[in-house]
2 protein chains.
Amino acid sequence: MSSTPENTRTRILNAAWTLLESGEAKTRMSDFAKRAGISRQALYLHFPSRAELLIALTRHVDAVKGIDDRLAASRAATTGRDRLDAFVAAWGNYIPDIYGVGRALMAMQDSDPEAAAAWDNRMQAVREGCAAAVAALQADGALTPDLTPEQATDLLWTLLSVRGWEQLVRACGWPQDRYVTVMTETARRALMAGA
Amino acid sequence: MSSTPENTRTRILNAAWTLLESGEAKTRMSDFAKRAGISRQALYLHFPSRAELLIALTRHVDAVKGIDDRLAASRAATTGRDRLDAFVAAWGNYIPDIYGVGRALMAMQDSDPEAAAAWDNRMQAVREGCAAAVAALQADGALTPDLTPEQATDLLWTLLSVRGWEQLVRACGWPQDRYVTVMTETARRALMAGA
DNA sequence: GGCTTTCTTGACATTGTGTAAAGTTGACAT
DNA sequence: ATGTCAACTTTACACAATGTCAAGAAAGCC
């Protein structure tokens, strides 16, 4: 129960979020603090480290953006193909929402094991979504015989990686909807059996 | 003209290469120096910065591993499909050779503009190889009508990214030959027209 | 012997993270 | 009104890694 409508912790999270989203080069702890209107030391009273702040921020973003609801929709699809399409769209459209935080977290992977574990954990959740879509395809007999379900899952997971999105949308300048369209088609072609 | 068979500069490059390849966590300038058997300061007499060392190292690796020859082979193919296959195999099999250096260079992208530019430059060269393969497909009328040549190039480029290789081979544990096989098939399915 | 190149040692500046300690401020209870 | 508590501030420091600077040693060359 927070008495103030926006307590300090939330203000920090929103400040960090804003800075990371804006693509600012400078995202030091002191920048987050300045943006939140507090001292750098006060920030450490709320988050023991940069890694923990970013991890908390991913949860914050999830809560605000409602990733759970979006992925739930993809589970409703009946056929394997629909399920694949729905998953690609749901996750593909979520990437832009977490890209800022994700990028910061990925940048820490080499130096901070805690950050690496947190990001890996989230990516494993995505992988499970991929695995579910692949299983649905297989149940329909629609999975290509060229790939084991495991391999198909790995391939889809890689196809839908944040790095891949970064390259196509940020580096190549694809519009987001084009990304989703092409990825949907590419995933179908890569995973589905038949003509 | 180096009088000694292996001059200091080369010894530094090989030392850095070995350390980066071995997957050692510690790849500080002082580690490279220690491995090369010289002081850290002497290292700075040969390379003004970590970025420049890594950039020189990419050229060194290219020379030793002969990337040019390998890619030249892919240009010999006559049909678009053969050319695509040959390019996927040539580049896909080169990735393991530059992965160590590439990883170190990628890790510096956010902090060092010079490193970012150097890596970007190399990746643009790969993109040109992708564009050539796509052009060959189009000349055969084999390119899918779903994609413009530009988009097909972007897609192939992303499919063959070092990050993608990293995920499938290093994270998922795919054998290298399986990676090449699946990527060949995936690229065909993604880019080629028809049943 | 002088000269140059290459390397060595040691000190120092810089940047960003994280720790530590002492003081300020305002709310709130009694 | 006074005391207490939580949240915050300021200041200072430890640490890791990069990169700079200066003084000197060792070896080859003329």
# chains A, B, ... in the order shown; residues from 1 in each chain; ligands from 1

$ interface_residues --of "chain D" --to "chain B" --cutoff "12 Å" --atoms "only C-alpha atoms (C1' of nucleotides)" --output "list in words"
DA16, DA17, DT18, DG19, DT20 and DC21 of chain D

$ write_last_selection --atoms "N, CA and C atoms (P, O5', C5', C4', C3', O3' and C1' of nucleotides)" --output "PDB file, in the first residue's frame"
ATOM      1  P    DA D  16      39.490  -4.661  -7.163  1.00  0.00           P
ATOM      2  O5'  DA D  16      39.074  -4.446  -8.674  1.00  0.00           O
ATOM      3  C5'  DA D  16      37.729  -4.687  -9.051  1.00  0.00           C
ATOM      4  C4'  DA D  16      37.510  -4.147 -10.436  1.00  0.00           C
ATOM      5  C3'  DA D  16      38.623  -4.513 -11.417  1.00  0.00           C
ATOM      6  O3'  DA D  16      38.026  -4.998 -12.591  1.00  0.00           O
ATOM      7  C1'  DA D  16      38.281  -2.163 -11.391  1.00  0.00           C
ATOM      8  P    DA D  17      38.961  -5.881 -13.587  1.00  0.00           P
ATOM      9  O5'  DA D  17      39.236  -4.893 -14.790  1.00  0.00           O
ATOM     10  C5'  DA D  17      38.134  -4.380 -15.530  1.00  0.00           C
ATOM     11  C4'  DA D  17      38.568  -3.155 -16.289  1.00  0.00           C
ATOM     12  C3'  DA D  17      39.887  -3.297 -17.046  1.00  0.00           C
ATOM     13  O3'  DA D  17      39.602  -3.303 -18.440  1.00  0.00           O
ATOM     14  C1'  DA D  17      39.704  -1.200 -15.894  1.00  0.00           C
ATOM     15  P    DT D  18      40.782  -3.242 -19.519  1.00  0.00           P
ATOM     16  O5'  DT D  18      40.823  -1.677 -19.839  1.00  0.00           O
ATOM     17  C5'  DT D  18      39.650  -1.063 -20.311  1.00  0.00           C
ATOM     18  C4'  DT D  18      39.891   0.410 -20.567  1.00  0.00           C
ATOM     19  C3'  DT D  18      41.024   0.707 -21.552  1.00  0.00           C
ATOM     20  O3'  DT D  18      40.518   1.618 -22.521  1.00  0.00           O
ATOM     21  C1'  DT D  18      41.347   1.916 -19.524  1.00  0.00           C
ATOM     22  P    DG D  19      41.295   1.758 -23.908  1.00  0.00           P
ATOM     23  O5'  DG D  19      42.348   2.888 -23.543  1.00  0.00           O
ATOM     24  C5'  DG D  19      41.863   4.206 -23.304  1.00  0.00           C
ATOM     25  C4'  DG D  19      42.916   5.050 -22.633  1.00  0.00           C
ATOM     26  C3'  DG D  19      44.265   5.161 -23.359  1.00  0.00           C
ATOM     27  O3'  DG D  19      44.463   6.514 -23.738  1.00  0.00           O
ATOM     28  C1'  DG D  19      44.521   4.956 -21.025  1.00  0.00           C
ATOM     29  P    DT D  20      45.800   7.013 -24.408  1.00  0.00           P
ATOM     30  O5'  DT D  20      46.553   7.754 -23.213  1.00  0.00           O
ATOM     31  C5'  DT D  20      45.867   8.773 -22.486  1.00  0.00           C
ATOM     32  C4'  DT D  20      46.834   9.460 -21.544  1.00  0.00           C
ATOM     33  C3'  DT D  20      48.166   9.866 -22.188  1.00  0.00           C
ATOM     34  O3'  DT D  20      48.429  11.212 -21.824  1.00  0.00           O
ATOM     35  C1'  DT D  20      48.569   8.560 -20.251  1.00  0.00           C
ATOM     36  P    DC D  21      49.598  12.008 -22.554  1.00  0.00           P
ATOM     37  O5'  DC D  21      50.774  11.923 -21.486  1.00  0.00           O
ATOM     38  C5'  DC D  21      50.467  12.051 -20.108  1.00  0.00           C
ATOM     39  C4'  DC D  21      51.716  11.873 -19.259  1.00  0.00           C
ATOM     40  C3'  DC D  21      53.044  12.138 -19.982  1.00  0.00           C
ATOM     41  O3'  DC D  21      53.794  13.065 -19.221  1.00  0.00           O
ATOM     42  C1'  DC D  21      53.100  10.057 -18.832  1.00  0.00           C
TER      43       DC D  21
END

$ residues_around --residues "segment 79-82 of chain B" --least-positions-apart "4" --cutoff "7 Å" --atoms "only C-alpha atoms (C1' of nucleotides)" --output "NGL selection string"
:B and (86 or 133 or 136-137 or 140)

$ select_by_dssp --residues "segment 19-193 of chain B" --states "alpha helix (DSSP H)" --output "PyMOL selection string"
chain B and resi 19-21+29-36+40-46+50-65+67-76+80-107+113-139+149-159+162-165+176-191

$ residues_around --residues "segment 173-181 of chain B" --least-positions-apart "2" --cutoff "10 Å" --atoms "only C-alpha atoms (C1' of nucleotides)" --output "PyMOL selection string"
(chain A and resi 151+154-155) or (chain B and resi 85+88-93+95-96+160+165-171+183-186)

$ interface_residues --of "chain B" --to "chain C" --cutoff "10 Å" --atoms "only C-alpha atoms (C1' of nucleotides)" --output "list of chain:residue names"
B:Thr8, B:Ile38, B:Ser39, B:Arg40, B:Gln41, B:Ala42, B:Leu43, B:Leu45

$ closest_atom_pairs --of "chain A" --to "chain B" --cutoff "6 Å" --atoms "only C-alpha atoms" --output "Markdown table"
| residue | atom | partner | partner_atom | distance |
| --- | --- | --- | --- | --- |
| A:Thr158 | CA | B:Gly164 | CA | 6.0 |
| A:Gly164 | CA | B:Thr158 | CA | 6.0 |
| A:Thr186 | CA | B:Ala190 | CA | 5.4 |
| A:Arg189 | CA | B:Arg189 | CA | 5.8 |
| A:Ala190 | CA | B:Thr186 | CA | 5.4 |
| A:Ala195 | CA | B:Ala195 | CA | 4.7 |

$ decode --residues "chain C" --atoms "C-alpha atoms (C1' of nucleotides)" --output "PDB file, in the first residue's frame"
ATOM      1  C1'  DG C   1      81.526   5.731 -26.964  1.00  0.00           C
ATOM      2  C1'  DG C   2      77.122   7.651 -28.639  1.00  0.00           C
ATOM      3  C1'  DC C   3      72.384   6.758 -30.727  1.00  0.00           C
ATOM      4  C1'  DT C   4      68.008   4.521 -31.446  1.00  0.00           C
ATOM      5  C1'  DT C   5      64.497   1.213 -30.708  1.00  0.00           C
ATOM      6  C1'  DT C   6      62.059  -1.533 -27.665  1.00  0.00           C
ATOM      7  C1'  DC C   7      60.725  -2.630 -23.535  1.00  0.00           C
ATOM      8  C1'  DT C   8      60.235  -2.001 -18.174  1.00  0.00           C
ATOM      9  C1'  DT C   9      58.627   0.032 -13.855  1.00  0.00           C
ATOM     10  C1'  DG C  10      55.899   3.011 -11.386  1.00  0.00           C
ATOM     11  C1'  DA C  11      52.737   6.779 -10.850  1.00  0.00           C
ATOM     12  C1'  DC C  12      48.600   9.013 -12.091  1.00  0.00           C
ATOM     13  C1'  DA C  13      43.966  10.637 -14.350  1.00  0.00           C
ATOM     14  C1'  DT C  14      39.347   9.131 -15.440  1.00  0.00           C
ATOM     15  C1'  DT C  15      34.837   6.845 -15.291  1.00  0.00           C
ATOM     16  C1'  DG C  16      31.291   4.383 -13.201  1.00  0.00           C
ATOM     17  C1'  DT C  17      29.751   1.207  -9.443  1.00  0.00           C
ATOM     18  C1'  DG C  18      29.022   0.418  -4.923  1.00  0.00           C
ATOM     19  C1'  DT C  19      29.912   1.298   0.414  1.00  0.00           C
ATOM     20  C1'  DA C  20      29.972   4.072   4.530  1.00  0.00           C
ATOM     21  C1'  DA C  21      29.100   7.665   7.829  1.00  0.00           C
ATOM     22  C1'  DA C  22      27.180  11.808   9.639  1.00  0.00           C
ATOM     23  C1'  DG C  23      23.735  15.285   9.291  1.00  0.00           C
ATOM     24  C1'  DT C  24      18.937  17.324   7.823  1.00  0.00           C
ATOM     25  C1'  DT C  25      14.014  17.350   7.474  1.00  0.00           C
ATOM     26  C1'  DG C  26       9.306  16.481   8.255  1.00  0.00           C
ATOM     27  C1'  DA C  27       5.628  13.594  10.022  1.00  0.00           C
ATOM     28  C1'  DC C  28       3.647  11.832  13.874  1.00  0.00           C
ATOM     29  C1'  DA C  29       2.831  10.036  18.618  1.00  0.00           C
ATOM     30  C1'  DT C  30       2.470  11.038  23.344  1.00  0.00           C
TER      31       DT C  30
END
